[in-house]
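Here the structure comes first, spelled out in structure tokens, and everything after it is commentary.
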Amino acid sequence: MSNDPSQDFAITYPVESSLFITAPPGYGKTYVMIKRIEYLILRGCIKPPQKLLALTFSNAAADEMKKRLRINIPYGEKYVDIMNFHTFAYKLLRCYGNYIGISRFFTILDENKKIEYKNNYYRAYIRSSSSKWEREADFVSEYNTWYNKKFLQGTDYIDVENEMTFENLRSSMNEDLINKENLDFDHLLFKAIDLLQQNEYVKNLFLNKYPILLADEFQDTNYIQYKLFKEIGIDSNGTKKVVYVMGDKKQAIMRFQGANPDNIAFLIQDFNCEIYQLNKNHRADSEHILHITKKLRDPSFFVSEAKNEIYIHNTVEEEMKRIIEIILRLLQNGVNLHNICILFPQKRTSNCIKKVFKKNSIEYVDISDFKMGSITEEYSALIEGIRNQIEEKCVKKSVRRIIDELIDENYSGESKNTILLTTIRKFSSSFDRGHYSSIEVWKRLQEFYNCIQMEIDWVQLVKSNVRNKVYLSTIHGSKGLEFDYIFMVGIVNFKMPHSTLCFPCSDFRNPKQVEISESKDLFYVGVSRAIKEIIFFYSKQDEQNLATRSRKMSCVFKDIAECLQFIDIENNTYHFENERINELLCLNNCR
């Protein structure tokens, strides 16, 4: 890939100045980041033992950057540390956590264990108090809302009625977690911030080690991650490091996890960043995909000819039949199944697709099965066995032998030779070599367990190894991936946007205008996964329970309706201004 002029400008931007770069998907942000790192290294801007620090939101982004750097500059890793925010916090606390009373040998609670642990606290509180909550679910919902707004989003939100109750409960859980030598993912960040704020020696170590900070996908950072970034980037005297940061507010789809795209504005102000935009798409092969993505970013963009297709059906059976037909047609034209991905807004939609694929002998892989939460649930026996060995402080054998025995005890036949278990076996071997060989076995095993939660990008691993299977994914789960052919199903009202937005908008007695920008951004991210072609499928019937409802095509289609050809079960083609299409498309009071 050769640089376009906008990329050249960003790569060679003055070293002493801070820059924020924005660009749509496919415009080469990761490529530019790697080239910038190369540029800084080759210009001699970094003198060992100093390093660059490149922080990312995900393992996928970190692994991709490392891979490209190894190809382009074989010795590059001597000059740069590339990791996500949680890995940085973890390594910081592993080395210096004892300064704030945290054992260096703490275990990270996986998401399922964290939920189980907190639920026990919630139940104990509800049982021991004369609380107003009759249902545990109501208490959890209110507590999570309070916690997310106050601590992840960083707002000044106060639950007047429950503030003291929730704060006492949070403090109690935190204290107990640390006493038990456990930290969850949020507390990795909280405690890393505490360490840097409370210990000037440690803070100065990192200020001196990393003179230049780089970061990617900044729209997905939450309040805690931004606070950590500032702690690394600004010293106690207010002196600011040079930062080089990328992000795109249009791809901000992690708000449900506390992500705040306004962190981009805070960054630009706090670090005096100039703003620059890349301006050439290097992903999409099709002008029609370029048109649809431009239209989603700017509804005033003019489209002269509609070529993207949306198939309209009355029943899920018709919808699935059409999907199978198109897949078979692509196969006949030499397209491999692994170049096709079916996206949907809610995971439950995949159940219907899986049934139909099994019936038609079409192989598939569900990306969401390779999220850490799904892995710890699917392989609970292995995970529990590892935890038990750590808690018992096992002293015999090697990490690899312990993992082999646990897998052999709990799985048999093909089930113990999956990509995931094979990878875990191989990964465990590295914890018996090098500096690990002098550490007690249980501590090695603990490090291994923490690392499989943080440092393995399972989705990219699957994407690199699985062939001749159709990929299934929620739109959230597809972020960072790309496929030649994208099919999108379930893009209907009450799913996208969610029913909590659709109900007040469509209430015929008292309709309310609702904000759906997050749904539009999610739709945009899904569309921009396509390289060659994107096809939409619409059914009045619900894919989850097959109930026929008055489902309408989601209002997120409104901005791009003129880009589409609407094709019914009889293969009749309609333009978006056709009366029938206007009846099917949700045109309610959203914005």
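Each chain of the structure tokens is named A, B, ... in the order shown, its residues numbered from 1; ligands are numbered from 1 in display order.
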Inset, instruction - For Ser380 of chain A, list every protein, DNA or RNA residue within 10 Å, evaluated using only C-alpha atoms, and leave out those in the same chain fewer than 6 positions away; present the list as an NGL selection string. - result: :A and (112 or 374 or 386 or 410)
Store the residues picked out above in a file with N, CA, C and O atoms, as a short mmCIF file (atom, residue, chain, number, x, y, z; two decimals), in the first residue's frame.
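Writing done, so here's result01.cif:
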data_model
loop_
_atom_site.label_atom_id
_atom_site.label_comp_id
_atom_site.auth_asym_id
_atom_site.auth_seq_id
_atom_site.Cartn_x
_atom_site.Cartn_y
_atom_site.Cartn_z
N ASN A 112 -17.63 -13.39 34.04
CA ASN A 112 -18.63 -14.26 34.65
C ASN A 112 -18.42 -14.39 36.16
O ASN A 112 -19.37 -14.38 36.94
N SER A 374 -18.00 -15.60 26.74
CA SER A 374 -18.50 -16.85 26.17
C SER A 374 -17.52 -17.99 26.40
O SER A 374 -17.92 -19.13 26.67
N ILE A 386 -8.26 -24.17 36.54
CA ILE A 386 -7.10 -23.27 36.64
C ILE A 386 -7.19 -22.44 37.92
O ILE A 386 -6.21 -22.30 38.66
N ASN A 410 -11.42 -33.10 31.17
CA ASN A 410 -12.75 -32.52 31.00
C ASN A 410 -13.30 -32.56 29.57
O ASN A 410 -14.49 -32.31 29.38
#
Legend entry - strand (DSSP E) call set, DSSP backbone run, segment 89-218 of chain A, as a ChimeraX atom specification: /A:107-108,182-183,212-215
Just-selected residues, all heavy atoms written as a compact mmCIF listing (two decimals), in the first residue's frame:
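What landed in again20.txt:
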# COMPACT_ATOMS: atom_id res chain seq x y z
N THR A 107 -5.11 -11.98 41.04
CA THR A 107 -5.78 -12.66 39.93
C THR A 107 -6.86 -11.74 39.37
O THR A 107 -7.58 -11.08 40.13
CB THR A 107 -6.45 -13.97 40.43
OG1 THR A 107 -5.44 -14.82 40.96
CG2 THR A 107 -7.17 -14.68 39.29
N ILE A 108 -6.97 -11.70 38.06
CA ILE A 108 -8.02 -10.91 37.42
C ILE A 108 -9.30 -11.74 37.40
O ILE A 108 -9.29 -12.89 36.94
CB ILE A 108 -7.64 -10.53 35.99
CG1 ILE A 108 -6.40 -9.63 36.00
CG2 ILE A 108 -8.79 -9.81 35.29
CD1 ILE A 108 -5.88 -9.29 34.62
N ASN A 182 -7.83 -10.23 44.40
CA ASN A 182 -8.51 -10.23 43.11
C ASN A 182 -8.75 -8.79 42.67
O ASN A 182 -8.98 -7.91 43.51
CB ASN A 182 -9.88 -10.92 43.21
CG ASN A 182 -9.75 -12.40 43.49
OD1 ASN A 182 -9.05 -13.12 42.80
ND2 ASN A 182 -10.43 -12.86 44.54
N LEU A 183 -8.72 -8.57 41.36
CA LEU A 183 -9.12 -7.29 40.79
C LEU A 183 -9.94 -7.58 39.55
O LEU A 183 -9.61 -8.49 38.78
CB LEU A 183 -7.91 -6.44 40.40
CG LEU A 183 -7.05 -5.84 41.51
CD1 LEU A 183 -5.86 -5.11 40.91
CD2 LEU A 183 -7.85 -4.88 42.38
N ILE A 212 6.75 10.14 24.32
CA ILE A 212 5.70 10.37 23.32
C ILE A 212 4.62 9.30 23.48
O ILE A 212 4.92 8.11 23.56
CB ILE A 212 6.27 10.33 21.88
CG1 ILE A 212 7.33 11.41 21.69
CG2 ILE A 212 5.14 10.51 20.84
CD1 ILE A 212 8.02 11.38 20.33
N LEU A 213 3.36 9.72 23.52
CA LEU A 213 2.23 8.80 23.64
C LEU A 213 1.47 8.74 22.33
O LEU A 213 1.22 9.77 21.70
CB LEU A 213 1.28 9.25 24.75
CG LEU A 213 1.82 9.36 26.17
CD1 LEU A 213 0.69 9.76 27.12
CD2 LEU A 213 2.43 8.04 26.62
N LEU A 214 1.06 7.53 21.97
CA LEU A 214 0.19 7.33 20.81
C LEU A 214 -1.02 6.55 21.27
O LEU A 214 -0.94 5.74 22.20
CB LEU A 214 0.92 6.57 19.69
CG LEU A 214 2.23 7.18 19.18
CD1 LEU A 214 3.42 6.55 19.90
CD2 LEU A 214 2.39 6.99 17.67
N ALA A 215 -2.16 6.78 20.64
CA ALA A 215 -3.38 6.05 21.02
C ALA A 215 -4.30 5.93 19.82
O ALA A 215 -4.33 6.80 18.94
CB ALA A 215 -4.09 6.74 22.18
Inset, instruction - Please provide as a PyMOL selection string all residues within 9 Å of Lys371 of chain A, with the sequence filter that same-chain residues fewer than 4 positions apart are discarded (counting only C-alpha atoms). - result: chain A and resi 367+375-376+457-459+477
Keeping only N, CA and C atoms, write those residues as a tab-separated table (two decimals), in the first residue's frame.
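Full text of result-v3.tsv as output:
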chain	number	residue	atom	x	y	z
A	367	ILE	N	-18.72	-15.52	15.81
A	367	ILE	CA	-17.64	-14.74	16.41
A	367	ILE	C	-17.88	-14.49	17.89
A	375	ILE	N	-16.22	-17.68	26.32
A	375	ILE	CA	-15.20	-18.72	26.51
A	375	ILE	C	-15.24	-19.26	27.94
A	376	THR	N	-15.32	-18.35	28.92
A	376	THR	CA	-15.32	-18.81	30.31
A	376	THR	C	-16.59	-19.59	30.64
A	457	ASP	N	-6.11	-12.15	21.31
A	457	ASP	CA	-7.24	-11.66	20.54
A	457	ASP	C	-7.89	-12.86	19.86
A	458	TRP	N	-8.86	-13.45	20.56
A	458	TRP	CA	-9.46	-14.70	20.10
A	458	TRP	C	-10.16	-14.54	18.75
A	459	VAL	N	-10.83	-13.41	18.55
A	459	VAL	CA	-11.59	-13.23	17.30
A	459	VAL	C	-10.66	-13.19	16.11
A	477	GLY	N	-19.65	-6.95	17.67
A	477	GLY	CA	-18.57	-7.91	17.64
A	477	GLY	C	-17.72	-7.86	16.39
Legend entry - segment 273-467 of chain A: residues DSSP assigns to helix (DSSP H, G or I), reported as JSON, numbers by chain: {"A": [287, 288, 289, 290, 291, 292, 293, 294, 295, 296, 297, 316, 317, 318, 319, 320, 321, 322, 323, 324, 325, 326, 327, 328, 329, 330, 331, 332, 337, 338, 339, 347, 348, 349, 350, 351, 352, 353, 354, 355, 356, 357, 358, 359, 367, 368, 369, 370, 372, 373, 374, 375, 376, 377, 378, 380, 381, 382, 383, 384, 385, 386, 387, 388, 389, 390, 391, 399, 400, 401, 402, 403, 404, 405, 406, 407, 408, 409, 410, 413, 414, 415, 416, 419, 420, 421, 422, 423, 424, 425, 426, 427, 428, 429, 430, 431, 432, 434, 435, 436, 437, 438, 441, 442, 443, 444, 445, 446, 447, 448, 449, 450, 451, 452, 453, 454, 458, 459, 460, 461, 462, 463, 464, 465]}
Legend entry - Shell around segment 98-100 of chain A at 9 Å using only C-alpha atoms, local window under 2 positions removed, as a ChimeraX atom specification: /A:93-96,102-104,191,194-195,198-199
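For the residues A:Asn572, A:Lys280, A:Ile37, A:Thr56, ranking by smallest atom-to-atom distance to Arg68 of chain A using only C-alpha atoms places A:Ile37 first.
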Inset, instruction - Do a neighbour search on His282 of chain A at 10 Å with only C-alpha atoms, toss out local chain neighbours closer than 2 positions, and write the hits as a PyMOL selection string. - result: chain A and resi 1+4+25-28+279-280+284-285+531
Those same residues, written as a PDB file, in the first residue's frame with N, CA, C and O atoms?
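Writing done, so here's part.pdb:
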ATOM      1  N   MET A   1       0.844  -1.185   0.000  1.00  0.00           N
ATOM      2  CA  MET A   1       0.000   0.000   0.000  1.00  0.00           C
ATOM      3  C   MET A   1       0.885   1.242   0.000  1.00  0.00           C
ATOM      4  O   MET A   1       1.752   1.409   0.843  1.00  0.00           O
ATOM      5  N   ASP A   4      -1.187   7.870   0.465  1.00  0.00           N
ATOM      6  CA  ASP A   4      -1.824   8.968  -0.250  1.00  0.00           C
ATOM      7  C   ASP A   4      -1.342  10.268   0.399  1.00  0.00           C
ATOM      8  O   ASP A   4      -0.750  10.260   1.483  1.00  0.00           O
ATOM      9  N   PRO A  25     -13.781   4.364   8.602  1.00  0.00           N
ATOM     10  CA  PRO A  25     -13.179   3.029   8.467  1.00  0.00           C
ATOM     11  C   PRO A  25     -12.608   2.843   7.062  1.00  0.00           C
ATOM     12  O   PRO A  25     -13.185   3.316   6.079  1.00  0.00           O
ATOM     13  N   GLY A  26     -11.470   2.163   6.986  1.00  0.00           N
ATOM     14  CA  GLY A  26     -10.886   1.856   5.684  1.00  0.00           C
ATOM     15  C   GLY A  26      -9.977   2.932   5.129  1.00  0.00           C
ATOM     16  O   GLY A  26      -9.437   2.785   4.029  1.00  0.00           O
ATOM     17  N   TYR A  27      -9.768   4.010   5.878  1.00  0.00           N
ATOM     18  CA  TYR A  27      -8.921   5.102   5.394  1.00  0.00           C
ATOM     19  C   TYR A  27      -7.474   4.961   5.858  1.00  0.00           C
ATOM     20  O   TYR A  27      -6.663   5.847   5.636  1.00  0.00           O
ATOM     21  N   GLY A  28      -7.165   3.853   6.507  1.00  0.00           N
ATOM     22  CA  GLY A  28      -5.773   3.543   6.821  1.00  0.00           C
ATOM     23  C   GLY A  28      -5.253   4.124   8.115  1.00  0.00           C
ATOM     24  O   GLY A  28      -4.066   4.441   8.214  1.00  0.00           O
ATOM     25  N   ASN A 279      -8.285  11.366   3.981  1.00  0.00           N
ATOM     26  CA  ASN A 279      -9.358  11.614   3.007  1.00  0.00           C
ATOM     27  C   ASN A 279      -9.460  10.626   1.847  1.00  0.00           C
ATOM     28  O   ASN A 279     -10.100  10.907   0.845  1.00  0.00           O
ATOM     29  N   LYS A 280      -8.846   9.433   1.989  1.00  0.00           N
ATOM     30  CA  LYS A 280      -8.982   8.468   0.907  1.00  0.00           C
ATOM     31  C   LYS A 280      -9.284   7.083   1.456  1.00  0.00           C
ATOM     32  O   LYS A 280      -8.581   6.587   2.338  1.00  0.00           O
ATOM     33  N   ALA A 284     -12.781  -0.210   0.511  1.00  0.00           N
ATOM     34  CA  ALA A 284     -13.909  -0.588  -0.347  1.00  0.00           C
ATOM     35  C   ALA A 284     -13.489  -0.702  -1.805  1.00  0.00           C
ATOM     36  O   ALA A 284     -12.881   0.202  -2.363  1.00  0.00           O
ATOM     37  N   ASP A 285     -13.830  -1.837  -2.426  1.00  0.00           N
ATOM     38  CA  ASP A 285     -13.603  -2.028  -3.854  1.00  0.00           C
ATOM     39  C   ASP A 285     -14.723  -1.423  -4.689  1.00  0.00           C
ATOM     40  O   ASP A 285     -14.544  -1.145  -5.861  1.00  0.00           O
ATOM     41  N   ILE A 531     -16.163  -4.921   1.903  1.00  0.00           N
ATOM     42  CA  ILE A 531     -15.155  -4.528   0.915  1.00  0.00           C
ATOM     43  C   ILE A 531     -15.767  -4.477  -0.486  1.00  0.00           C
ATOM     44  O   ILE A 531     -15.597  -3.505  -1.221  1.00  0.00           O
TER      45      ILE A 531
END
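Proximity ranking of A:Phe151, A:Tyr122, A:Ala10, A:Ser415 relative to Ala137 of chain A places A:Tyr122 first, based on only C-alpha atoms.
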Inset, instruction - Please identify all polymer residues within 10 Å of segment 249-264 of chain A, counting only C-alpha atoms, omitting same-chain residues fewer than 5 positions from it, and present them as a PyMOL selection string. - result: chain A and resi 20+22-25+147-154+217-227+269-270+296-297+475-476+479+517-526+528
Legend entry - Test item: residues at most 9 Å from Ile126 of chain A, only C-alpha atoms, excluding those fewer than 5 positions along its chain, as a ChimeraX atom specification: /A:121,131-136,139
Inset, instruction - Check the smallest atom-to-atom distance from each of A:Lys396, A:Arg387, A:Lys355, A:Arg444 to Gln544 of chain A using only C-alpha atoms, then report the winner. - result: A:Lys355
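Closest approach to Tyr364 of chain A among A:Asn336, A:Ser141, A:Asn3, A:Ser171: A:Asn336, based on only C-alpha atoms.
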